[in-house]
file start36.csv (CSV, C-alpha atoms)
chain,number,residue,atom,x,y,z
A,1,PRO,CA,-15.2,45.2,40.0
A,2,PRO,CA,-11.8,46.8,40.8
A,3,THR,CA,-9.3,46.2,38.1
A,4,GLY,CA,-6.6,45.1,40.5
A,5,MET,CA,-8.4,41.8,41.1
A,6,GLY,CA,-7.6,38.6,39.3
A,7,LEU,CA,-10.1,37.3,36.8
A,8,ALA,CA,-11.6,34.7,39.1
A,9,ARG,CA,-12.2,37.3,41.8
A,10,ARG,CA,-13.7,39.7,39.3
A,11,LEU,CA,-16.0,37.0,38.1
A,12,TRP,CA,-17.0,36.0,41.6
A,13,ALA,CA,-17.7,39.7,42.5
A,14,LEU,CA,-20.4,39.6,39.7
A,15,ARG,CA,-22.2,36.6,41.1
A,16,GLU,CA,-25.0,38.6,42.7
A,17,ARG,CA,-25.6,41.1,39.9
A,18,ARG,CA,-25.2,38.7,37.0
A,19,PRO,CA,-25.6,35.1,38.3
A,20,GLY,CA,-26.5,33.7,34.9
A,21,PHE,CA,-23.4,35.2,33.3
A,22,VAL,CA,-21.2,33.8,36.1
A,23,ALA,CA,-22.7,30.4,35.9
A,24,LEU,CA,-22.3,30.3,32.1
A,25,ALA,CA,-18.7,31.5,32.3
A,26,VAL,CA,-17.9,28.8,34.8
A,27,LEU,CA,-19.6,26.2,32.8
A,28,VAL,CA,-17.8,27.2,29.6
A,29,LEU,CA,-14.4,27.4,31.3
A,30,VAL,CA,-14.9,23.9,32.9
A,31,ALA,CA,-15.8,22.5,29.5
A,32,LEU,CA,-12.8,24.1,27.8
A,33,LEU,CA,-10.5,22.8,30.6
A,34,VAL,CA,-11.8,19.3,30.5
A,35,PHE,CA,-12.2,18.9,26.7
A,36,PRO,CA,-8.5,18.0,25.9
A,37,ALA,CA,-8.8,15.0,28.3
A,38,VAL,CA,-12.1,14.0,26.9
A,39,GLU,CA,-10.8,14.2,23.3
A,40,ALA,CA,-7.7,12.2,24.3
A,41,LEU,CA,-10.1,9.5,25.8
A,42,PHE,CA,-12.1,9.4,22.6
A,43,ARG,CA,-8.9,9.0,20.6
A,44,ALA,CA,-7.7,6.2,22.9
A,45,VAL,CA,-11.1,4.4,22.2
A,46,ASP,CA,-11.0,5.1,18.5
A,47,PRO,CA,-7.6,6.1,17.1
A,48,GLN,CA,-9.1,6.9,13.7
A,49,ALA,CA,-11.4,9.5,15.2
A,50,GLN,CA,-10.2,12.8,13.6
A,51,ALA,CA,-6.6,11.6,13.3
A,52,ILE,CA,-3.8,14.1,13.7
A,53,ASN,CA,-2.5,14.0,10.1
A,54,PHE,CA,-1.9,17.6,9.2
A,55,GLN,CA,-3.6,17.0,5.9
A,56,ASP,CA,-4.1,20.7,5.1
A,57,LEU,CA,-0.4,21.3,5.8
A,58,THR,CA,0.3,18.8,3.1
A,59,VAL,CA,-1.2,21.2,0.6
A,60,TYR,CA,1.0,24.0,1.8
A,61,GLU,CA,4.1,21.8,1.6
A,62,PHE,CA,3.3,20.8,-2.0
A,63,ALA,CA,2.8,24.4,-2.9
A,64,VAL,CA,6.2,25.3,-1.4
A,65,ASP,CA,7.8,22.5,-3.3
A,66,ARG,CA,6.3,23.7,-6.6
A,67,TRP,CA,7.3,27.3,-5.8
A,68,ARG,CA,10.9,26.2,-5.1
A,69,ALA,CA,10.9,24.2,-8.4
A,70,GLY,CA,9.7,27.2,-10.4
A,71,GLU,CA,6.4,25.5,-11.1
A,72,PRO,CA,2.9,27.0,-10.9
A,73,ILE,CA,1.6,26.9,-7.3
A,74,TYR,CA,-2.1,26.8,-8.4
A,75,VAL,CA,-2.8,23.5,-10.0
A,76,PRO,CA,-6.4,22.7,-11.1
A,77,THR,CA,-7.8,19.3,-10.5
A,78,ASP,CA,-8.9,17.0,-13.3
A,79,ASP,CA,-12.4,18.6,-13.3
A,80,GLY,CA,-10.9,22.1,-13.6
A,81,GLY,CA,-11.5,23.1,-10.0
A,82,TYR,CA,-9.1,23.7,-7.1
A,83,TRP,CA,-10.6,21.6,-4.3
A,84,GLY,CA,-7.9,20.2,-2.1
A,85,ASN,CA,-5.2,22.4,-3.6
A,86,TYR,CA,-3.3,25.5,-2.4
A,87,LEU,CA,-5.7,28.5,-2.4
A,88,TYR,CA,-3.9,31.2,-0.5
A,89,PRO,CA,-2.1,34.3,-1.9
A,90,PRO,CA,1.5,33.5,-3.0
A,91,VAL,CA,2.9,35.7,-0.2
A,92,PHE,CA,1.8,33.1,2.3
A,93,LEU,CA,4.3,30.6,0.9
A,94,VAL,CA,7.0,32.7,2.7
A,95,LEU,CA,5.3,31.7,6.0
A,96,PHE,CA,5.0,28.0,5.1
A,97,ARG,CA,8.5,27.5,3.7
A,98,PRO,CA,10.4,27.3,7.0
A,99,PHE,CA,7.9,24.7,8.3
A,100,ALA,CA,8.0,22.7,5.1
A,101,ALA,CA,11.7,22.2,5.5
A,102,LEU,CA,11.2,20.3,8.7
A,103,GLY,CA,9.5,17.2,7.3
A,104,HIS,CA,5.7,16.6,7.5
A,105,GLU,CA,5.1,15.5,11.1
A,106,ALA,CA,7.7,18.0,12.6
A,107,ALA,CA,6.3,20.7,10.4
A,108,GLY,CA,2.7,20.0,11.5
A,109,ILE,CA,3.7,20.1,15.2
A,110,ALA,CA,5.8,23.2,14.8
A,111,TRP,CA,3.1,25.0,12.8
A,112,GLY,CA,0.4,24.0,15.3
A,113,VAL,CA,2.4,25.0,18.3
A,114,THR,CA,3.6,28.3,16.7
A,115,THR,CA,0.1,29.4,15.5
A,116,THR,CA,-1.5,28.4,18.8
A,117,LEU,CA,1.1,30.3,20.8
A,118,LEU,CA,0.6,33.3,18.5
A,119,LEU,CA,-3.1,33.2,19.2
A,120,TRP,CA,-2.5,32.9,22.9
A,121,VAL,CA,-0.3,36.0,22.9
A,122,ALA,CA,-2.7,37.9,20.7
A,123,LEU,CA,-5.6,37.1,23.1
A,124,GLN,CA,-3.6,38.3,26.0
A,125,SER,CA,-3.0,41.5,24.1
A,126,VAL,CA,-6.8,41.8,23.6
A,127,ALA,CA,-7.3,41.3,27.4
A,128,ALA,CA,-4.7,44.0,28.1
A,129,GLY,CA,-6.4,46.4,25.7
A,130,LEU,CA,-9.6,45.8,27.7
A,131,GLY,CA,-7.8,46.7,30.9
A,132,VAL,CA,-7.5,43.2,32.2
A,133,SER,CA,-4.1,42.4,33.9
A,134,LEU,CA,-3.6,38.7,33.7
A,135,ARG,CA,-1.6,36.9,36.3
A,136,LEU,CA,0.7,34.1,35.3
A,137,HIS,CA,-1.6,31.3,36.4
A,138,GLU,CA,-4.5,33.0,34.5
A,139,ARG,CA,-2.3,33.1,31.4
A,140,LEU,CA,-1.5,29.4,31.7
A,141,ILE,CA,-5.1,28.4,32.4
A,142,GLY,CA,-6.0,30.5,29.3
A,143,LEU,CA,-3.5,28.6,27.2
A,144,TRP,CA,-5.0,25.2,28.4
A,145,ALA,CA,-8.5,26.5,27.7
A,146,LEU,CA,-7.4,27.6,24.2
A,147,VAL,CA,-6.2,24.1,23.6
A,148,GLY,CA,-9.6,22.9,24.8
A,149,PHE,CA,-11.4,25.1,22.2
A,150,TYR,CA,-12.3,22.7,19.5
A,151,PRO,CA,-11.6,24.9,16.5
A,152,VAL,CA,-8.1,25.6,17.7
A,153,LEU,CA,-7.6,21.9,18.4
A,154,LEU,CA,-8.9,20.9,15.0
A,155,SER,CA,-6.7,23.5,13.3
A,156,PHE,CA,-3.7,21.9,15.0
A,157,LYS,CA,-4.7,18.4,14.0
A,158,LEU,CA,-5.2,19.3,10.4
A,159,GLY,CA,-2.4,21.8,10.1
A,160,GLN,CA,-4.8,24.6,9.2
A,161,THR,CA,-4.4,28.4,9.4
A,162,ALA,CA,-7.3,29.1,11.7
A,163,ALA,CA,-5.2,29.8,14.8
A,164,LEU,CA,-2.9,32.1,12.8
A,165,LEU,CA,-5.9,34.0,11.3
A,166,GLY,CA,-7.4,34.3,14.7
A,167,ALA,CA,-4.1,35.7,16.1
A,168,LEU,CA,-4.0,38.2,13.2
A,169,LEU,CA,-7.6,39.3,13.8
A,170,SER,CA,-7.0,39.6,17.5

call {"tool": "encode", "arguments": {"input": "start36.csv", "output": "structure tokens"}}
result
Amino acid sequence: PPTGMGLARRLWALRERRPGFVALAVLVLVALLVFPAVEALFRAVDPQAQAINFQDLTVYEFAVDRWRAGEPIYVPTDDGGYWGNYLYPPVFLVLFRPFAALGHEAAGIAWGVTTTLLLWVALQSVAAGLGVSLRLHERLIGLWALVGFYPVLLSFKLGQTAALLGALLS
């Protein structure tokens, strides 16, 4: 399809040559666009279902506190392992420090929004590298679809680094 077309028209132009691909692409897009509403409905029915608690971010915050106090950032558990503790290289504390200063809930929201937006920008860069020129509405639909991608949503809810790592890899 000509590169001047929007994504929807480019996809529609493939319907006769690759109908299975078009059907699958539409199905996946609809699922991604609907999932945030479905997930919100599940949370309304059962508020304890995968609560937004930023539990992984808690580990980063404790590591920042230990670093600022001059204490070791790697603290073994009673059994000698490191399960549930800070496991990243020390340089990552520089990234976590500004967020840790916000307080737990604000830090979790800020971390999730920032890393999700970084991934969104990175994916747009990938699209541009592939020769796809996205229109504003396609960019915004892409952002909503990204929020509907469960690994990104889970990363937000737990305060994980998955969206940041995805952005760096993209």

call {"tool": "residues_around", "arguments": {"input": "start36.csv", "residues": "A:Val28", "least_positions_apart": "6", "cutoff": "12 Å", "atoms": "all atoms listed in the file", "output": "list in words"}}
result
Phe21, Val22, Val34, Phe35, Ala145, Leu146, Gly148 and Phe149 of chain A

call {"tool": "write_last_selection", "arguments": {"input": "start36.csv", "atoms": "C-alpha atoms", "output": "PDB file, in the coordinates of the input"}}
result
ATOM      1  CA  PHE A  21     -23.400  35.200  33.300  1.00  0.00           C
ATOM      2  CA  VAL A  22     -21.200  33.800  36.100  1.00  0.00           C
ATOM      3  CA  VAL A  34     -11.800  19.300  30.500  1.00  0.00           C
ATOM      4  CA  PHE A  35     -12.200  18.900  26.700  1.00  0.00           C
ATOM      5  CA  ALA A 145      -8.500  26.500  27.700  1.00  0.00           C
ATOM      6  CA  LEU A 146      -7.400  27.600  24.200  1.00  0.00           C
ATOM      7  CA  GLY A 148      -9.600  22.900  24.800  1.00  0.00           C
ATOM      8  CA  PHE A 149     -11.400  25.100  22.200  1.00  0.00           C
TER       9      PHE A 149
END

call {"tool": "closest_atom_pairs", "arguments": {"input": "start36.csv", "of": "stretch 32-59 of chain A", "to": "stretch 65-86 of chain A", "cutoff": "10 Å", "atoms": "all atoms listed in the file", "output": "CSV"}}
result
residue,atom,partner,partner_atom,distance
A:Gln55,CA,A:Gly84,CA,9.6
A:Asp56,CA,A:Gly84,CA,8.2
A:Leu57,CA,A:Tyr86,CA,9.7
A:Thr58,CA,A:Tyr86,CA,9.4
A:Val59,CA,A:Tyr86,CA,5.6

call {"tool": "atom_distance", "arguments": {"input": "start36.csv", "atom1": "atom CA of A:Val38", "atom2": "atom CA of A:Leu154"}}
result
14.1 Å

call {"tool": "atom_distance", "arguments": {"input": "start36.csv", "atom1": "atom CA of A:Leu164", "atom2": "atom CA of A:Leu134"}}
result
21.9 Å

call {"tool": "atom_distance", "arguments": {"input": "start36.csv", "atom1": "atom CA of A:Leu123", "atom2": "atom CA of A:Ala51"}}
result
27.3 Å

call {"tool": "closest_residue", "arguments": {"input": "start36.csv", "among": "A:Gln160, A:Ala122, A:Gly112, A:Gly131", "to": "A:Tyr60", "atoms": "all atoms listed in the file"}}
result
A:Gln160

call {"tool": "residues_around", "arguments": {"input": "start36.csv", "residues": "A:Leu169", "least_positions_apart": "6", "cutoff": "12 Å", "atoms": "all atoms listed in the file", "output": "compact mmCIF listing (two decimals) with C-alpha atoms, in the frame of the given file"}}
result
# COMPACT_ATOMS: atom_id res chain seq x y z
CA LEU A 118 0.60 33.30 18.50
CA LEU A 119 -3.10 33.20 19.20
CA ALA A 122 -2.70 37.90 20.70
CA LEU A 123 -5.60 37.10 23.10
CA SER A 125 -3.00 41.50 24.10
CA VAL A 126 -6.80 41.80 23.60
CA ALA A 162 -7.30 29.10 11.70
CA ALA A 163 -5.20 29.80 14.80

call {"tool": "closest_residue", "arguments": {"input": "start36.csv", "among": "A:Leu41, A:Thr161, A:Arg9, A:Val30", "to": "A:Leu95", "atoms": "all atoms listed in the file"}}
result
A:Thr161

call {"tool": "closest_residue", "arguments": {"input": "start36.csv", "among": "A:Ala37, A:Leu7, A:Ala63, A:Leu29", "to": "A:Ala100", "atoms": "all atoms listed in the file"}}
result
A:Ala63

call {"tool": "residues_near_point", "arguments": {"input": "start36.csv", "point": "(-5.3, 41.6, 35.1)", "cutoff": "10 Å", "atoms": "only C-alpha atoms", "output": "ChimeraX atom specification"}}
result
/A:3-7,10,124,127-128,130-136,138-139

call {"tool": "closest_residue", "arguments": {"input": "start36.csv", "among": "A:Gly20, A:Gly166, A:Pro151, A:His137", "to": "A:Ala8", "atoms": "only C-alpha atoms"}}
result
A:His137

call {"tool": "closest_residue", "arguments": {"input": "start36.csv", "among": "A:Ala101, A:Ile52, A:Leu143, A:Val94", "to": "A:Phe156", "atoms": "all atoms listed in the file"}}
result
A:Ile52

call {"tool": "closest_residue", "arguments": {"input": "start36.csv", "among": "A:Gly159, A:Leu87, A:Pro47, A:Phe42", "to": "A:Gly108", "atoms": "all atoms listed in the file"}}
result
A:Gly159

call {"tool": "decode", "arguments": {"input": "start36.csv", "residues": "stretch 55-67 of chain A", "atoms": "all heavy atoms", "output": "PDB file, in the first residue's frame"}}
result
ATOM      1  N   GLN A  55       3.958  -2.332  44.461  1.00  0.00           N
ATOM      2  CA  GLN A  55       4.802  -3.091  45.391  1.00  0.00           C
ATOM      3  C   GLN A  55       6.254  -3.196  44.943  1.00  0.00           C
ATOM      4  O   GLN A  55       7.154  -3.182  45.781  1.00  0.00           O
ATOM      5  CB  GLN A  55       4.212  -4.470  45.664  1.00  0.00           C
ATOM      6  CG  GLN A  55       4.229  -5.405  44.479  1.00  0.00           C
ATOM      7  CD  GLN A  55       3.433  -6.673  44.750  1.00  0.00           C
ATOM      8  OE1 GLN A  55       2.420  -6.636  45.435  1.00  0.00           O
ATOM      9  NE2 GLN A  55       3.895  -7.772  44.212  1.00  0.00           N
ATOM     10  N   ASP A  56       6.509  -3.290  43.654  1.00  0.00           N
ATOM     11  CA  ASP A  56       7.906  -3.349  43.204  1.00  0.00           C
ATOM     12  C   ASP A  56       8.597  -1.999  43.405  1.00  0.00           C
ATOM     13  O   ASP A  56       9.782  -1.947  43.730  1.00  0.00           O
ATOM     14  CB  ASP A  56       7.991  -3.772  41.738  1.00  0.00           C
ATOM     15  CG  ASP A  56       7.656  -5.243  41.546  1.00  0.00           C
ATOM     16  OD1 ASP A  56       7.092  -5.855  42.472  1.00  0.00           O
ATOM     17  OD2 ASP A  56       7.973  -5.778  40.481  1.00  0.00           O
ATOM     18  N   LEU A  57       7.850  -0.929  43.238  1.00  0.00           N
ATOM     19  CA  LEU A  57       8.414   0.395  43.458  1.00  0.00           C
ATOM     20  C   LEU A  57       8.849   0.561  44.912  1.00  0.00           C
ATOM     21  O   LEU A  57       9.818   1.265  45.195  1.00  0.00           O
ATOM     22  CB  LEU A  57       7.406   1.478  43.072  1.00  0.00           C
ATOM     23  CG  LEU A  57       7.936   2.898  43.059  1.00  0.00           C
ATOM     24  CD1 LEU A  57       8.953   3.082  41.944  1.00  0.00           C
ATOM     25  CD2 LEU A  57       6.805   3.888  42.901  1.00  0.00           C
ATOM     26  N   THR A  58       8.167  -0.113  45.822  1.00  0.00           N
ATOM     27  CA  THR A  58       8.552  -0.069  47.236  1.00  0.00           C
ATOM     28  C   THR A  58       9.992  -0.529  47.411  1.00  0.00           C
ATOM     29  O   THR A  58      10.754   0.067  48.179  1.00  0.00           O
ATOM     30  CB  THR A  58       7.611  -0.958  48.072  1.00  0.00           C
ATOM     31  OG1 THR A  58       6.275  -0.516  47.894  1.00  0.00           O
ATOM     32  CG2 THR A  58       7.961  -0.916  49.544  1.00  0.00           C
ATOM     33  N   VAL A  59      10.371  -1.558  46.696  1.00  0.00           N
ATOM     34  CA  VAL A  59      11.742  -2.077  46.771  1.00  0.00           C
ATOM     35  C   VAL A  59      12.731  -1.018  46.299  1.00  0.00           C
ATOM     36  O   VAL A  59      13.780  -0.809  46.912  1.00  0.00           O
ATOM     37  CB  VAL A  59      11.875  -3.374  45.935  1.00  0.00           C
ATOM     38  CG1 VAL A  59      13.320  -3.823  45.833  1.00  0.00           C
ATOM     39  CG2 VAL A  59      11.001  -4.467  46.525  1.00  0.00           C
ATOM     40  N   TYR A  60      12.397  -0.321  45.219  1.00  0.00           N
ATOM     41  CA  TYR A  60      13.289   0.717  44.702  1.00  0.00           C
ATOM     42  C   TYR A  60      13.401   1.868  45.704  1.00  0.00           C
ATOM     43  O   TYR A  60      14.480   2.437  45.904  1.00  0.00           O
ATOM     44  CB  TYR A  60      12.809   1.257  43.356  1.00  0.00           C
ATOM     45  CG  TYR A  60      12.374   0.224  42.353  1.00  0.00           C
ATOM     46  CD1 TYR A  60      11.337   0.470  41.471  1.00  0.00           C
ATOM     47  CD2 TYR A  60      12.988  -1.026  42.287  1.00  0.00           C
ATOM     48  CE1 TYR A  60      10.927  -0.466  40.549  1.00  0.00           C
ATOM     49  CE2 TYR A  60      12.578  -1.979  41.367  1.00  0.00           C
ATOM     50  CZ  TYR A  60      11.546  -1.698  40.508  1.00  0.00           C
ATOM     51  OH  TYR A  60      11.134  -2.626  39.604  1.00  0.00           O
ATOM     52  N   GLU A  61      12.263   2.226  46.318  1.00  0.00           N
ATOM     53  CA  GLU A  61      12.276   3.315  47.291  1.00  0.00           C
ATOM     54  C   GLU A  61      13.156   2.969  48.494  1.00  0.00           C
ATOM     55  O   GLU A  61      13.922   3.822  48.976  1.00  0.00           O
ATOM     56  CB  GLU A  61      10.851   3.617  47.756  1.00  0.00           C
ATOM     57  CG  GLU A  61       9.995   4.247  46.681  1.00  0.00           C
ATOM     58  CD  GLU A  61       8.524   4.305  47.048  1.00  0.00           C
ATOM     59  OE1 GLU A  61       8.030   3.431  47.796  1.00  0.00           O
ATOM     60  OE2 GLU A  61       7.855   5.232  46.564  1.00  0.00           O
ATOM     61  N   PHE A  62      13.055   1.750  48.990  1.00  0.00           N
ATOM     62  CA  PHE A  62      13.895   1.329  50.121  1.00  0.00           C
ATOM     63  C   PHE A  62      15.375   1.368  49.731  1.00  0.00           C
ATOM     64  O   PHE A  62      16.217   1.775  50.526  1.00  0.00           O
ATOM     65  CB  PHE A  62      13.521  -0.066  50.608  1.00  0.00           C
ATOM     66  CG  PHE A  62      12.221  -0.128  51.372  1.00  0.00           C
ATOM     67  CD1 PHE A  62      11.447  -1.261  51.334  1.00  0.00           C
ATOM     68  CD2 PHE A  62      11.773   0.947  52.139  1.00  0.00           C
ATOM     69  CE1 PHE A  62      10.255  -1.332  52.035  1.00  0.00           C
ATOM     70  CE2 PHE A  62      10.591   0.885  52.838  1.00  0.00           C
ATOM     71  CZ  PHE A  62       9.820  -0.249  52.790  1.00  0.00           C
ATOM     72  N   ALA A  63      15.675   0.952  48.513  1.00  0.00           N
ATOM     73  CA  ALA A  63      17.075   0.985  48.058  1.00  0.00           C
ATOM     74  C   ALA A  63      17.580   2.422  47.976  1.00  0.00           C
ATOM     75  O   ALA A  63      18.724   2.708  48.357  1.00  0.00           O
ATOM     76  CB  ALA A  63      17.213   0.286  46.707  1.00  0.00           C
ATOM     77  N   VAL A  64      16.737   3.341  47.509  1.00  0.00           N
ATOM     78  CA  VAL A  64      17.126   4.754  47.455  1.00  0.00           C
ATOM     79  C   VAL A  64      17.367   5.272  48.871  1.00  0.00           C
ATOM     80  O   VAL A  64      18.358   5.974  49.122  1.00  0.00           O
ATOM     81  CB  VAL A  64      16.058   5.605  46.724  1.00  0.00           C
ATOM     82  CG1 VAL A  64      16.296   7.092  46.936  1.00  0.00           C
ATOM     83  CG2 VAL A  64      16.042   5.284  45.235  1.00  0.00           C
ATOM     84  N   ASP A  65      16.476   4.912  49.797  1.00  0.00           N
ATOM     85  CA  ASP A  65      16.653   5.353  51.196  1.00  0.00           C
ATOM     86  C   ASP A  65      17.962   4.828  51.779  1.00  0.00           C
ATOM     87  O   ASP A  65      18.691   5.570  52.449  1.00  0.00           O
ATOM     88  CB  ASP A  65      15.480   4.881  52.059  1.00  0.00           C
ATOM     89  CG  ASP A  65      14.183   5.603  51.737  1.00  0.00           C
ATOM     90  OD1 ASP A  65      14.224   6.673  51.083  1.00  0.00           O
ATOM     91  OD2 ASP A  65      13.114   5.089  52.138  1.00  0.00           O
ATOM     92  N   ARG A  66      18.280   3.562  51.523  1.00  0.00           N
ATOM     93  CA  ARG A  66      19.529   2.980  52.032  1.00  0.00           C
ATOM     94  C   ARG A  66      20.747   3.650  51.386  1.00  0.00           C
ATOM     95  O   ARG A  66      21.743   3.926  52.047  1.00  0.00           O
ATOM     96  CB  ARG A  66      19.539   1.467  51.810  1.00  0.00           C
ATOM     97  CG  ARG A  66      18.588   0.728  52.742  1.00  0.00           C
ATOM     98  CD  ARG A  66      18.794  -0.778  52.734  1.00  0.00           C
ATOM     99  NE  ARG A  66      18.606  -1.389  51.428  1.00  0.00           N
ATOM    100  CZ  ARG A  66      17.455  -1.872  50.974  1.00  0.00           C
ATOM    101  NH1 ARG A  66      16.369  -1.827  51.716  1.00  0.00           N
ATOM    102  NH2 ARG A  66      17.386  -2.415  49.778  1.00  0.00           N
ATOM    103  N   TRP A  67      20.653   3.913  50.099  1.00  0.00           N
ATOM    104  CA  TRP A  67      21.741   4.582  49.374  1.00  0.00           C
ATOM    105  C   TRP A  67      21.987   5.970  49.962  1.00  0.00           C
ATOM    106  O   TRP A  67      23.139   6.345  50.238  1.00  0.00           O
ATOM    107  CB  TRP A  67      21.364   4.660  47.897  1.00  0.00           C
ATOM    108  CG  TRP A  67      22.264   5.487  47.037  1.00  0.00           C
ATOM    109  CD1 TRP A  67      23.633   5.520  47.039  1.00  0.00           C
ATOM    110  CD2 TRP A  67      21.867   6.413  46.027  1.00  0.00           C
ATOM    111  NE1 TRP A  67      24.100   6.393  46.085  1.00  0.00           N
ATOM    112  CE2 TRP A  67      23.037   6.951  45.445  1.00  0.00           C
ATOM    113  CE3 TRP A  67      20.636   6.820  45.536  1.00  0.00           C
ATOM    114  CZ2 TRP A  67      22.995   7.896  44.427  1.00  0.00           C
ATOM    115  CZ3 TRP A  67      20.601   7.751  44.508  1.00  0.00           C
ATOM    116  CH2 TRP A  67      21.775   8.280  43.965  1.00  0.00           C
TER     117      TRP A  67
END
